[in-house]
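File shown here: target-v5.txt, holding compact mmCIF, C-alpha atoms.
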# COMPACT_ATOMS: atom_id res chain seq x y z
CA MET A 119 -215.40 -42.03 132.05
CA MET A 120 -211.99 -40.38 132.08
CA SER A 121 -211.93 -36.69 131.25
CA GLU A 122 -210.08 -35.44 128.15
CA GLU A 123 -207.46 -33.78 130.37
CA THR A 124 -206.76 -37.10 132.14
CA VAL A 125 -206.36 -38.91 128.81
CA CYS A 126 -203.91 -36.26 127.55
CA ARG A 127 -201.93 -36.45 130.77
CA LYS A 128 -201.80 -40.25 130.51
CA HIS A 129 -200.41 -40.13 126.96
CA ARG A 130 -197.95 -37.29 127.60
CA LEU A 131 -194.37 -38.39 126.99
CA SER A 132 -191.87 -38.17 129.83
CA SER A 133 -188.67 -36.17 129.35
CA PHE A 134 -186.65 -39.41 129.05
CA GLN A 135 -188.99 -40.71 126.33
CA ILE A 136 -188.68 -37.41 124.45
CA ILE A 137 -184.87 -37.66 124.59
CA ILE A 138 -184.66 -41.22 123.19
CA LEU A 139 -187.34 -40.64 120.54
CA GLY A 140 -185.71 -37.34 119.56
CA PHE A 141 -182.36 -39.01 118.96
CA ALA A 142 -184.01 -41.87 117.03
CA GLY A 143 -185.98 -39.44 114.84
CA VAL A 144 -182.90 -37.38 113.92
CA ILE A 145 -180.93 -40.57 113.14
CA LEU A 146 -183.66 -41.84 110.82
CA LEU A 147 -183.97 -38.49 109.02
CA GLY A 148 -180.19 -38.31 108.65
CA ALA A 149 -180.06 -41.84 107.22
CA LEU A 150 -182.70 -40.99 104.61
CA LEU A 151 -180.76 -37.86 103.55
CA LEU A 152 -177.52 -39.83 103.28
CA MET A 153 -179.21 -42.38 101.01
CA LEU A 154 -179.76 -39.69 98.36
CA PRO A 155 -177.44 -39.86 95.31
CA LEU A 156 -176.62 -36.20 96.01
CA SER A 157 -174.86 -37.28 99.23
CA THR A 158 -172.11 -39.34 97.54
CA THR A 159 -169.28 -38.34 95.22
CA ALA A 160 -170.23 -41.18 92.84
CA GLY A 161 -173.88 -40.08 92.72
CA CYS A 162 -175.14 -43.51 93.79
CA VAL A 163 -177.78 -44.56 96.32
CA THR A 164 -176.19 -45.67 99.58
CA PRO A 165 -177.64 -48.89 101.08
CA PHE A 166 -179.93 -48.16 104.04
CA HIS A 167 -177.84 -50.08 106.57
CA GLU A 168 -174.70 -48.10 105.65
CA ALA A 169 -176.57 -44.78 105.77
CA LEU A 170 -178.14 -45.76 109.11
CA PHE A 171 -174.74 -46.72 110.54
CA THR A 172 -173.20 -43.40 109.46
CA ALA A 173 -176.15 -41.33 110.74
CA THR A 174 -176.13 -43.17 114.08
CA SER A 175 -172.38 -42.68 114.42
CA ALA A 176 -172.76 -38.94 113.67
CA VAL A 177 -175.74 -38.24 115.96
CA CYS A 178 -174.19 -40.35 118.72
CA VAL A 179 -170.89 -38.48 118.11
CA THR A 180 -168.96 -41.72 117.75
CA GLY A 181 -166.87 -41.67 114.58
CA LEU A 182 -167.02 -45.33 113.56
CA VAL A 183 -167.67 -45.51 109.81
CA VAL A 184 -168.25 -48.11 107.11
CA GLN A 185 -167.34 -45.68 104.29
CA ASP A 186 -164.47 -43.18 104.24
CA THR A 187 -166.01 -39.79 105.03
CA GLY A 188 -163.58 -37.76 102.91
CA SER A 189 -163.69 -39.75 99.69
CA TYR A 190 -167.14 -41.42 99.68
CA TRP A 191 -169.43 -38.58 100.77
CA SER A 192 -169.93 -35.41 98.71
CA VAL A 193 -169.89 -31.90 100.21
CA PHE A 194 -173.65 -32.22 100.69
CA GLY A 195 -173.24 -35.59 102.42
CA GLN A 196 -170.45 -34.20 104.62
CA THR A 197 -172.68 -31.22 105.50
CA VAL A 198 -175.47 -33.60 106.54
CA ILE A 199 -172.99 -35.55 108.69
CA LEU A 200 -171.63 -32.35 110.27
CA THR A 201 -175.16 -31.14 111.04
CA LEU A 202 -175.97 -34.48 112.68
CA ILE A 203 -172.73 -34.22 114.71
CA GLN A 204 -173.65 -30.73 115.93
CA ILE A 205 -177.18 -31.80 116.87
CA GLY A 206 -175.87 -34.93 118.59
CA GLY A 207 -173.15 -33.04 120.44
CA LEU A 208 -175.45 -30.35 121.83
CA GLY A 209 -178.32 -32.79 122.28
CA VAL A 210 -181.57 -33.01 120.34
CA VAL A 211 -183.57 -31.36 123.12
CA THR A 212 -181.10 -28.48 123.48
CA VAL A 213 -181.19 -27.82 119.72
CA ALA A 214 -185.02 -27.93 119.68
CA ALA A 215 -185.18 -25.54 122.65
CA SER A 216 -182.68 -23.24 120.93
CA LEU A 217 -184.89 -23.05 117.84
CA ALA A 218 -187.87 -22.23 120.07
CA LEU A 219 -185.88 -19.46 121.77
CA LEU A 220 -184.77 -18.00 118.43
CA SER A 221 -188.37 -17.96 117.20
CA GLY A 222 -189.44 -16.05 120.33
CA ARG A 223 -191.70 -18.78 121.73
CA ARG A 224 -192.14 -19.21 125.46
CA ILE A 225 -190.63 -22.35 127.01
CA SER A 226 -193.18 -24.28 129.09
CA LEU A 227 -192.41 -25.86 132.47
CA MET A 228 -192.56 -29.34 130.89
CA GLN A 229 -190.06 -28.27 128.22
CA ARG A 230 -187.77 -26.78 130.88
CA SER A 231 -187.89 -30.06 132.80
CA THR A 232 -186.94 -31.97 129.63
CA MET A 233 -184.07 -29.53 129.02
CA GLN A 234 -182.91 -30.10 132.59
CA ASP A 235 -182.72 -33.87 132.08
CA ALA A 236 -181.05 -33.46 128.67
CA ILE A 237 -178.08 -31.43 129.97
CA SER A 238 -177.99 -32.97 133.49
CA ALA A 239 -178.70 -29.63 135.17
CA PRO A 240 -179.25 -29.73 138.96
CA LYS A 241 -182.46 -27.65 138.85
CA VAL A 242 -185.06 -26.24 136.46
CA GLY A 243 -184.44 -22.63 137.54
CA GLY A 244 -182.15 -20.74 135.17
CA ILE A 245 -182.28 -23.47 132.52
CA VAL A 246 -183.11 -21.05 129.69
CA ARG A 247 -180.18 -18.78 130.65
CA LEU A 248 -177.92 -21.84 130.78
CA THR A 249 -179.09 -22.98 127.32
CA ARG A 250 -178.27 -19.56 125.84
CA PHE A 251 -174.86 -19.71 127.53
CA ILE A 252 -174.23 -23.20 126.08
CA LEU A 253 -175.11 -22.07 122.55
CA ARG A 254 -172.94 -18.95 122.65
CA GLY A 255 -170.05 -20.84 124.21
CA THR A 256 -170.30 -23.71 121.72
CA PHE A 257 -170.22 -21.58 118.58
CA LEU A 258 -167.50 -19.28 119.97
CA ILE A 259 -165.22 -22.21 120.87
CA GLU A 260 -165.83 -23.95 117.55
CA LEU A 261 -165.06 -20.69 115.70
CA ILE A 262 -161.81 -20.19 117.63
CA GLY A 263 -160.82 -23.80 116.96
CA ALA A 264 -161.50 -23.42 113.22
CA LEU A 265 -159.50 -20.17 113.05
CA ALA A 266 -156.56 -21.81 114.87
CA MET A 267 -156.41 -24.68 112.35
CA LEU A 268 -157.21 -22.54 109.30
CA PRO A 269 -153.60 -21.59 108.36
CA VAL A 270 -152.44 -25.23 108.42
CA PHE A 271 -155.33 -26.60 106.35
CA CYS A 272 -155.31 -23.67 103.88
CA ARG A 273 -151.57 -24.21 103.39
CA ASP A 274 -152.21 -27.86 102.48
CA TYR A 275 -155.60 -27.66 100.71
CA GLY A 276 -156.03 -24.07 99.52
CA TRP A 277 -159.56 -22.67 99.88
CA ARG A 278 -160.89 -26.17 100.69
CA GLY A 279 -158.92 -25.78 103.92
CA VAL A 280 -161.67 -23.47 105.24
CA TRP A 281 -164.18 -26.34 105.10
CA MET A 282 -161.55 -28.68 106.57
CA ALA A 283 -160.96 -26.35 109.53
CA VAL A 284 -164.68 -25.88 110.25
CA PHE A 285 -165.48 -29.59 109.92
CA HIS A 286 -162.67 -30.79 112.17
CA SER A 287 -163.28 -28.07 114.77
CA ILE A 288 -166.94 -29.06 115.18
CA SER A 289 -166.11 -32.76 115.02
CA ALA A 290 -163.45 -32.39 117.75
CA PHE A 291 -165.53 -30.17 120.04
CA CYS A 292 -168.46 -32.59 119.79
CA ASN A 293 -166.08 -35.49 120.48
CA ALA A 294 -167.20 -37.10 117.21
CA GLY A 295 -163.90 -38.19 115.63
CA PHE A 296 -165.07 -37.84 112.01
CA ASP A 297 -162.44 -36.59 109.55
CA ILE A 298 -162.58 -35.67 105.86
CA LEU A 299 -158.89 -36.13 105.05
CA GLY A 300 -159.33 -39.48 103.28
CA THR A 301 -158.83 -39.99 99.55
CA GLU A 302 -159.42 -42.93 97.22
CA SER A 303 -155.77 -43.92 97.60
CA ASN A 304 -155.58 -43.24 101.35
CA ARG A 305 -158.81 -44.14 103.12
CA TYR A 306 -159.52 -43.73 106.87
CA PRO A 307 -156.33 -41.72 107.64
CA SER A 308 -157.76 -39.71 110.58
CA LEU A 309 -155.06 -37.17 111.62
CA THR A 310 -152.04 -39.39 111.00
CA GLY A 311 -150.72 -36.86 108.47
CA TYR A 312 -150.49 -34.25 111.22
CA ALA A 313 -148.79 -36.31 113.93
CA GLY A 314 -145.95 -33.79 114.10
CA SER A 315 -148.09 -30.63 113.92
CA PRO A 316 -148.33 -28.89 117.32
CA VAL A 317 -151.09 -26.57 116.07
CA ILE A 318 -153.41 -29.38 114.96
CA ASN A 319 -152.59 -31.65 117.92
CA ILE A 320 -153.01 -29.02 120.64
CA THR A 321 -156.12 -27.41 119.09
CA ILE A 322 -157.88 -30.76 118.64
CA MET A 323 -156.95 -31.86 122.19
CA LEU A 324 -158.24 -28.60 123.71
CA LEU A 325 -161.50 -28.83 121.76
CA ILE A 326 -162.00 -32.45 122.89
CA VAL A 327 -161.33 -31.64 126.55
CA ILE A 328 -163.46 -28.45 126.59
CA GLY A 329 -166.36 -30.28 124.94
CA GLY A 330 -165.97 -33.24 127.29
CA ILE A 331 -165.92 -31.53 130.71
CA GLY A 332 -169.61 -30.61 130.58
CA PHE A 333 -171.69 -27.48 130.18
CA LEU A 334 -172.25 -27.02 133.93
CA THR A 335 -168.49 -27.05 134.49
CA TRP A 336 -168.18 -24.28 131.89
CA ASP A 337 -170.77 -22.29 133.81
CA ASP A 338 -168.81 -22.75 137.04
CA ILE A 339 -165.55 -21.64 135.43
CA PHE A 340 -167.25 -18.65 133.77
CA GLU A 341 -168.95 -17.53 136.99
CA ASN A 342 -166.10 -18.16 139.46
CA LYS A 343 -163.01 -17.84 137.21
CA TRP A 344 -159.90 -19.15 139.08
CA ARG A 345 -161.61 -19.37 142.50
CA PHE A 346 -161.59 -23.17 142.56
CA HIS A 347 -162.91 -23.35 146.14
CA ARG A 348 -166.18 -21.76 144.99
CA TYR A 349 -166.89 -24.36 142.31
CA ARG A 350 -169.64 -26.94 142.77
CA MET A 351 -168.41 -30.24 144.15
CA GLN A 352 -169.29 -31.89 140.82
CA SER A 353 -167.15 -29.44 138.85
CA LYS A 354 -164.19 -30.02 141.18
CA VAL A 355 -164.53 -33.79 140.80
CA ILE A 356 -164.80 -33.52 137.00
CA LEU A 357 -161.75 -31.26 136.62
CA VAL A 358 -159.53 -33.31 138.96
CA THR A 359 -160.60 -36.65 137.46
CA THR A 360 -160.19 -35.33 133.90
CA GLY A 361 -156.71 -34.05 134.71
CA LEU A 362 -155.64 -37.41 136.16
CA LEU A 363 -157.15 -39.34 133.24
CA ILE A 364 -155.11 -37.21 130.83
CA PHE A 365 -151.79 -37.13 132.70
CA LEU A 366 -151.46 -40.71 133.99
CA PRO A 367 -152.25 -42.53 130.70
CA ALA A 368 -150.01 -40.03 128.85
CA VAL A 369 -147.08 -41.08 131.05
CA PHE A 370 -147.89 -44.75 130.36
CA PHE A 371 -148.07 -44.20 126.57
CA PHE A 372 -144.89 -42.09 126.60
CA PHE A 373 -142.82 -44.93 128.03
CA SER A 374 -144.63 -47.93 126.47
CA ASP A 375 -145.71 -47.01 122.94
CA PHE A 376 -143.74 -44.19 121.35
CA SER A 377 -140.10 -44.74 122.23
CA ALA A 378 -139.15 -44.72 118.53
CA LEU A 379 -140.50 -41.18 117.92
CA PRO A 380 -138.50 -37.94 118.30
CA ALA A 381 -138.90 -36.30 121.74
CA GLU A 382 -141.36 -33.56 120.63
CA ASN A 383 -143.51 -35.90 118.56
CA ARG A 384 -143.39 -38.48 121.35
CA LEU A 385 -144.81 -36.00 123.85
CA LEU A 386 -147.57 -34.85 121.47
CA ALA A 387 -148.48 -38.44 120.55
CA SER A 388 -148.60 -39.53 124.20
CA PHE A 389 -150.96 -36.77 125.29
CA PHE A 390 -153.10 -37.10 122.15
CA GLN A 391 -153.36 -40.87 122.70
CA SER A 392 -154.44 -40.14 126.29
CA VAL A 393 -157.11 -37.58 125.35
CA THR A 394 -158.66 -39.14 122.24
CA PRO A 395 -159.93 -42.49 123.68
CA ARG A 396 -162.29 -40.71 126.05
CA THR A 397 -164.93 -40.50 123.28
CA ALA A 398 -163.13 -38.39 120.64
CA GLY A 399 -161.84 -41.05 118.22
CA PHE A 400 -159.16 -39.17 116.28
CA GLN A 401 -155.80 -40.86 115.67
CA THR A 402 -152.39 -39.32 114.97
CA VAL A 403 -150.49 -42.62 115.09
CA ALA A 404 -151.14 -46.19 113.95
CA PRO A 405 -153.45 -48.38 116.08
CA PRO A 406 -151.92 -49.07 119.51
CA PRO A 407 -149.85 -52.18 120.25
CA ARG A 408 -151.58 -55.06 122.00
CA SER A 409 -149.97 -54.09 125.32
CA SER A 410 -151.96 -50.84 125.33
CA LEU A 411 -155.36 -52.20 124.25
CA GLY A 412 -156.51 -52.74 127.84
CA VAL A 413 -155.72 -49.15 128.85
CA MET A 414 -157.41 -47.82 125.69
CA ILE A 415 -160.55 -49.90 126.33
CA LEU A 416 -160.72 -48.65 129.93
CA LEU A 417 -160.43 -45.01 128.82
CA MET A 418 -163.09 -45.55 126.13
CA LEU A 419 -165.55 -46.98 128.64
CA ILE A 420 -164.96 -44.13 131.12
CA GLY A 421 -165.59 -41.42 128.53
CA GLY A 422 -166.26 -37.76 129.30
CA SER A 423 -168.34 -35.93 131.90
CA PRO A 424 -172.10 -35.52 132.49
CA GLY A 425 -173.94 -32.90 130.45
CA SER A 426 -171.16 -32.73 127.86
CA THR A 427 -170.70 -33.58 124.20
CA ALA A 428 -168.90 -36.79 125.23
CA GLY A 429 -170.24 -40.29 125.85
CA GLY A 430 -169.09 -43.18 128.01
CA MET A 431 -170.14 -44.04 131.55
CA LYS A 432 -168.68 -40.65 132.68
CA THR A 433 -165.83 -39.44 134.88
CA THR A 434 -168.15 -38.85 137.83
CA THR A 435 -169.24 -42.50 137.76
CA LEU A 436 -165.61 -43.60 138.10
CA ALA A 437 -164.90 -41.01 140.79
CA VAL A 438 -167.94 -41.96 142.88
CA LEU A 439 -167.10 -45.68 142.71
CA ILE A 440 -163.48 -45.03 143.76
CA ALA A 441 -164.61 -42.71 146.56
CA ASN A 442 -167.09 -45.33 147.77
CA ALA A 443 -164.36 -48.01 147.76
CA THR A 444 -162.09 -45.64 149.70
CA ALA A 445 -164.87 -45.00 152.23
CA THR A 446 -165.35 -48.75 152.64
CA PHE A 447 -161.61 -49.28 153.24
CA ARG A 448 -161.63 -46.50 155.86
CA GLN A 449 -164.88 -47.80 157.41
CA ARG A 450 -166.78 -44.59 156.72
CA ASP A 451 -170.53 -44.48 156.19
CA SER A 452 -170.45 -42.63 152.86
CA ALA A 453 -168.22 -41.49 149.99
CA GLN A 454 -166.76 -38.00 150.31
CA PHE A 455 -165.33 -35.31 148.03
CA PHE A 456 -163.84 -31.97 149.09
CA GLY A 457 -165.50 -32.00 152.51
CA ARG A 458 -168.91 -33.01 151.12
CA ARG A 459 -170.79 -36.30 151.53
CA VAL A 460 -172.11 -38.14 148.46
CA ASP A 461 -175.71 -39.29 148.64
CA GLY A 462 -176.17 -43.08 148.68
CA SER A 463 -178.42 -42.96 145.61
CA ALA A 464 -175.49 -41.61 143.55
CA VAL A 465 -173.41 -44.66 144.50
CA LYS A 466 -176.28 -46.99 143.49
CA THR A 467 -176.66 -45.18 140.16
CA ALA A 468 -172.90 -45.33 139.50
CA ALA A 469 -172.82 -49.08 140.21
CA THR A 470 -175.83 -49.62 137.93
CA ILE A 471 -174.25 -47.62 135.08
CA LEU A 472 -170.98 -49.54 135.42
CA THR A 473 -172.86 -52.86 135.31
CA MET A 474 -174.87 -51.84 132.23
CA TYR A 475 -171.84 -50.60 130.30
CA LEU A 476 -169.81 -53.71 131.10
CA ALA A 477 -172.74 -55.94 130.08
CA LEU A 478 -173.26 -54.07 126.78
CA PHE A 479 -169.53 -53.94 126.04
CA PHE A 480 -168.86 -57.61 126.73
CA SER A 481 -172.01 -59.04 125.12
CA GLY A 482 -171.50 -56.91 121.99
CA GLY A 483 -167.85 -57.90 121.67
CA VAL A 484 -168.58 -61.60 122.16
CA PHE A 485 -171.41 -61.57 119.58
CA ILE A 486 -169.22 -59.92 116.92
CA SER A 487 -166.31 -62.26 117.69
CA VAL A 488 -168.47 -65.39 117.36
CA TYR A 489 -170.43 -64.20 114.31
CA GLU A 490 -167.43 -62.87 112.39
CA ASP A 491 -164.92 -65.46 113.65
CA LEU A 492 -162.51 -62.70 114.71
CA PRO A 493 -160.19 -62.43 117.75
CA LEU A 494 -162.15 -61.50 120.87
CA SER A 495 -159.69 -58.74 121.85
CA SER A 496 -160.23 -56.90 118.56
CA CYS A 497 -164.02 -57.21 118.80
CA LEU A 498 -164.04 -56.01 122.42
CA TYR A 499 -162.04 -52.97 121.26
CA GLU A 500 -164.67 -52.15 118.60
CA ALA A 501 -167.52 -52.75 121.09
CA ALA A 502 -165.91 -50.45 123.68
CA SER A 503 -165.43 -47.83 120.97
CA ALA A 504 -169.12 -48.06 120.03
CA VAL A 505 -170.70 -48.10 123.51
CA GLY A 506 -168.29 -45.39 124.68
CA THR A 507 -169.13 -43.37 121.51
CA VAL A 508 -165.41 -43.06 120.74
CA GLY A 509 -164.80 -44.05 117.12
CA LEU A 510 -161.34 -45.62 117.43
CA THR A 511 -161.01 -48.82 115.44
CA LEU A 512 -158.55 -51.57 114.66
CA GLY A 513 -159.82 -51.49 111.08
CA ILE A 514 -162.43 -54.25 111.23
CA THR A 515 -165.66 -52.17 111.34
CA PRO A 516 -165.91 -51.52 107.55
CA GLN A 517 -165.55 -55.28 106.89
CA LEU A 518 -168.27 -56.40 109.31
CA HIS A 519 -171.48 -58.06 108.09
CA ILE A 520 -174.86 -56.41 108.57
CA PRO A 521 -175.82 -58.20 111.87
CA SER A 522 -172.54 -57.10 113.48
CA GLN A 523 -173.04 -53.55 112.19
CA MET A 524 -176.53 -53.58 113.73
CA VAL A 525 -174.99 -54.57 117.08
CA LEU A 526 -172.59 -51.61 116.85
CA ILE A 527 -175.50 -49.31 115.94
CA ALA A 528 -177.38 -50.45 119.07
CA LEU A 529 -174.26 -49.98 121.21
CA MET A 530 -173.66 -46.46 119.85
CA TYR A 531 -177.29 -45.47 120.45
CA LEU A 532 -177.41 -46.86 123.98
CA GLY A 533 -174.00 -45.37 124.75
CA ARG A 534 -175.15 -41.89 123.71
CA VAL A 535 -178.66 -41.70 125.17
CA GLY A 536 -177.52 -43.64 128.22
CA GLY A 537 -178.77 -47.04 129.32
CA LEU A 538 -180.46 -45.53 132.38
CA THR A 539 -182.33 -43.03 130.20
CA LEU A 540 -183.77 -45.97 128.26
CA VAL A 541 -184.76 -47.76 131.48
CA TYR A 542 -186.33 -44.60 132.96
CA ALA A 543 -188.23 -44.04 129.71
CA ALA A 544 -189.63 -47.59 129.86
CA VAL A 545 -190.74 -47.40 133.49
CA SER A 546 -191.59 -43.70 133.77
CA THR A 547 -195.32 -44.35 133.76
CA LYS A 548 -195.14 -46.96 136.50
CA LYS A 549 -195.41 -45.90 140.12
CA ALA A 550 -192.99 -47.39 142.60
CA GLY A 551 -194.65 -49.27 145.42
CA SER A 552 -194.21 -48.03 148.98
CA ALA A 553 -194.12 -51.48 150.59
CA LYS A 554 -190.73 -52.90 151.62
CA LEU A 555 -189.73 -56.55 151.70
CA PRO A 556 -188.20 -58.13 154.80
CA GLN A 557 -184.45 -57.51 155.10
CA GLU A 558 -181.81 -60.22 155.38
CA SER A 559 -178.01 -60.03 155.34
CA ILE A 560 -175.77 -61.44 152.60
CA THR A 561 -172.02 -61.97 152.69
CA ILE A 562 -170.01 -59.88 150.19
CA GLY A 563 -166.41 -60.67 149.22

Taking this structure as input, can you express it in the form of structure tokens?
Amino acid sequence: MMSEETVCRKHRLSSFQIIILGFAGVILLGALLLMLPLSTTAGCVTPFHEALFTATSAVCVTGLVVQDTGSYWSVFGQTVILTLIQIGGLGVVTVAASLALLSGRRISLMQRSTMQDAISAPKVGGIVRLTRFILRGTFLIELIGALAMLPVFCRDYGWRGVWMAVFHSISAFCNAGFDILGTESNRYPSLTGYAGSPVINITIMLLIVIGGIGFLTWDDIFENKWRFHRYRMQSKVILVTTGLLIFLPAVFFFFSDFSALPAENRLLASFFQSVTPRTAGFQTVAPPPRSSLGVMILLMLIGGSPGSTAGGMKTTTLAVLIANATATFRQRDSAQFFGRRVDGSAVKTAATILTMYLALFFSGGVFISVYEDLPLSSCLYEAASAVGTVGLTLGITPQLHIPSQMVLIALMYLGRVGGLTLVYAAVSTKKAGSAKLPQESITIG
């Protein structure tokens, strides 16, 4: 007979299983709270599928909605949504560990390992110190962002501007894209009313970028300041890739989309349009013209960086695949960055992630297009927004039927927890065999 200790060990959840179940549990709790009459301005019970969609979008820091956040949800409902955004942005495991730290409890080795997987830390050592650093940094940055936007919102909304500033600061830092500026007569406005405001534009962009570069990159910058050569290779790759993904699309948008705007507004709109598709979801201008949809979809799928508040397949995935292609062109054995060689397993993981995201994106878009009888390009845009946890929309999400909304819910969830996390959770109890099959060559290209 198996001992009691063996049985407990057999039924112990892996860190990946804890992560996906943690996210699912918070989503379900959030949906139940949003169903309460107290959560809506009309005092009515919200249908479960609408509450589930909103809770999933908030926890997965997406921003796609089926009801206007500003006019439909009450202050209580908006507070629930903001709490879900904060939990989703930091990560369920990080928030749970933070509560344990505040209560003075010791963090076990198993819990530290789970925290390591949750924030993509390279090692277990120092994980508690890093968690404290993340919490302090998060609340300080969100506070500074709220204070920066406070004068503008208080000028326009009086004392309600305080809540506006706090809500949009947290939503931007967590790359969520939720706004509460909508009214009954002007639903789903996002930040279009502030397209010409440098304060709002620049503050929101900085919050999005800081939240999206990753907690480990913060740690590198904090420890090494301006000494770029001392950063980890990963931090260097993230910062360079992020910079290119902001600057190059901004140049494209400047010359292709906003020629009718005044010079200052054109510059702000171009950079905002470049920053927001990588999982933030705010808009300061009308939906992009058809010529820009392809670029927007690509940016949405790429997303932010590992261990950040952002979603998507991540900047490092793109960088590794490009570096591997470059190495192949130059007939090198491995991809390289900054005088360092990339392990072959990282290339395999990057290729797998790319394949999974493309499969989810395309299959989701095709299903919605066929079921709703809508143009495929529009549905692919919504699917990319969901799986990349972005929140940008061409306006069709609120009109979708329940099956299509369920597809978007699944895409948002998988996009946030990560397809590989789900796979690892499913196979974590299975041991890989040591035997190898015979090898044979295959022609590629």

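Distances from A:Glu260, A:Pro165, A:Ile252, A:Gly300 to Gly188 in chain A were compared using all atoms listed in the file, and the smallest one belongs to A:Gly300.
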
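All residues of protein, DNA or RNA that reach within 6 Å of range 416-418 of chain A, judged by only C-alpha atoms and not counting those fewer than 4 positions away in the chain, are Pro395, Arg396 and Gly506 of chain A.
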
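Using only C-alpha atoms, the protein and nucleic acid residues lying no more than 9 Å from Ala501 in chain A, apart from those fewer than 3 places from it along its own chain, are A:Leu478, A:Phe479, A:Phe480, A:Ser481, A:Gly482, A:Gly483, A:Val484, A:Ile486, A:Ser496, A:Cys497, A:Leu498, A:Ala504, A:Val505, A:Gly506, A:Val525, A:Leu526, A:Leu529, A:Met530.
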
* **Best match for closeness to Gln391 in chain A among A:Val317, A:Ile136, A:Leu309, A:Ala176, counting only C-alpha atoms** => A:Leu309

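The space between CA of Ile356 in chain A and CA of Val460 in chain A spans 14.4 Å.
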
* To do: Considering all atoms listed in the file, return as a PyMOL selection string whatever protein or nucleic-acid residues lie within 7 Å of range 198-206 of chain A, sequence-local ones (same chain, fewer than 5 positions apart) excluded.
  => chain A and resi 148+173+176-179+213+285+288-289+292+294

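Picture a line from CA of Val163 in chain A to CA of Gln401 in chain A; it runs 29.5 Å.
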
Model the absent atoms of range 355-368 of chain A so that N, CA and C atoms are present, and write the result as an mmCIF file, in the frame of the given file.
data_model
loop_
_atom_site.group_PDB
_atom_site.id
_atom_site.type_symbol
_atom_site.label_atom_id
_atom_site.label_comp_id
_atom_site.auth_asym_id
_atom_site.auth_seq_id
_atom_site.Cartn_x
_atom_site.Cartn_y
_atom_site.Cartn_z
ATOM 1 N N VAL A 355 -164.778 -32.364 141.066
ATOM 2 C CA VAL A 355 -164.530 -33.790 140.800
ATOM 3 C C VAL A 355 -164.226 -34.008 139.323
ATOM 4 N N ILE A 356 -164.997 -33.364 138.445
ATOM 5 C CA ILE A 356 -164.800 -33.520 137.000
ATOM 6 C C ILE A 356 -163.422 -33.021 136.581
ATOM 7 N N LEU A 357 -163.022 -31.848 137.038
ATOM 8 C CA LEU A 357 -161.750 -31.260 136.620
ATOM 9 C C LEU A 357 -160.560 -32.082 137.137
ATOM 10 N N VAL A 358 -160.630 -32.515 138.398
ATOM 11 C CA VAL A 358 -159.530 -33.310 138.960
ATOM 12 C C VAL A 358 -159.442 -34.669 138.273
ATOM 13 N N THR A 359 -160.589 -35.329 138.111
ATOM 14 C CA THR A 359 -160.600 -36.650 137.460
ATOM 15 C C THR A 359 -160.136 -36.558 136.021
ATOM 16 N N THR A 360 -160.602 -35.531 135.297
ATOM 17 C CA THR A 360 -160.190 -35.330 133.900
ATOM 18 C C THR A 360 -158.675 -35.120 133.813
ATOM 19 N N GLY A 361 -158.143 -34.299 134.700
ATOM 20 C CA GLY A 361 -156.710 -34.050 134.710
ATOM 21 C C GLY A 361 -155.898 -35.327 134.932
ATOM 22 N N LEU A 362 -156.338 -36.145 135.880
ATOM 23 C CA LEU A 362 -155.640 -37.410 136.160
ATOM 24 C C LEU A 362 -155.757 -38.384 134.994
ATOM 25 N N LEU A 363 -156.939 -38.414 134.362
ATOM 26 C CA LEU A 363 -157.150 -39.340 133.240
ATOM 27 C C LEU A 363 -156.414 -38.896 131.972
ATOM 28 N N ILE A 364 -155.956 -37.661 131.939
ATOM 29 C CA ILE A 364 -155.110 -37.210 130.830
ATOM 30 C C ILE A 364 -153.641 -37.469 131.144
ATOM 31 N N PHE A 365 -153.222 -37.085 132.347
ATOM 32 C CA PHE A 365 -151.790 -37.130 132.700
ATOM 33 C C PHE A 365 -151.279 -38.565 132.886
ATOM 34 N N LEU A 366 -151.971 -39.372 133.676
ATOM 35 C CA LEU A 366 -151.460 -40.710 133.990
ATOM 36 C C LEU A 366 -151.356 -41.617 132.765
ATOM 37 N N PRO A 367 -152.409 -41.719 131.922
ATOM 38 C CA PRO A 367 -152.250 -42.530 130.700
ATOM 39 C C PRO A 367 -151.178 -41.973 129.758
ATOM 40 N N ALA A 368 -151.034 -40.635 129.711
ATOM 41 C CA ALA A 368 -150.010 -40.030 128.850
ATOM 42 C C ALA A 368 -148.620 -40.509 129.255
#
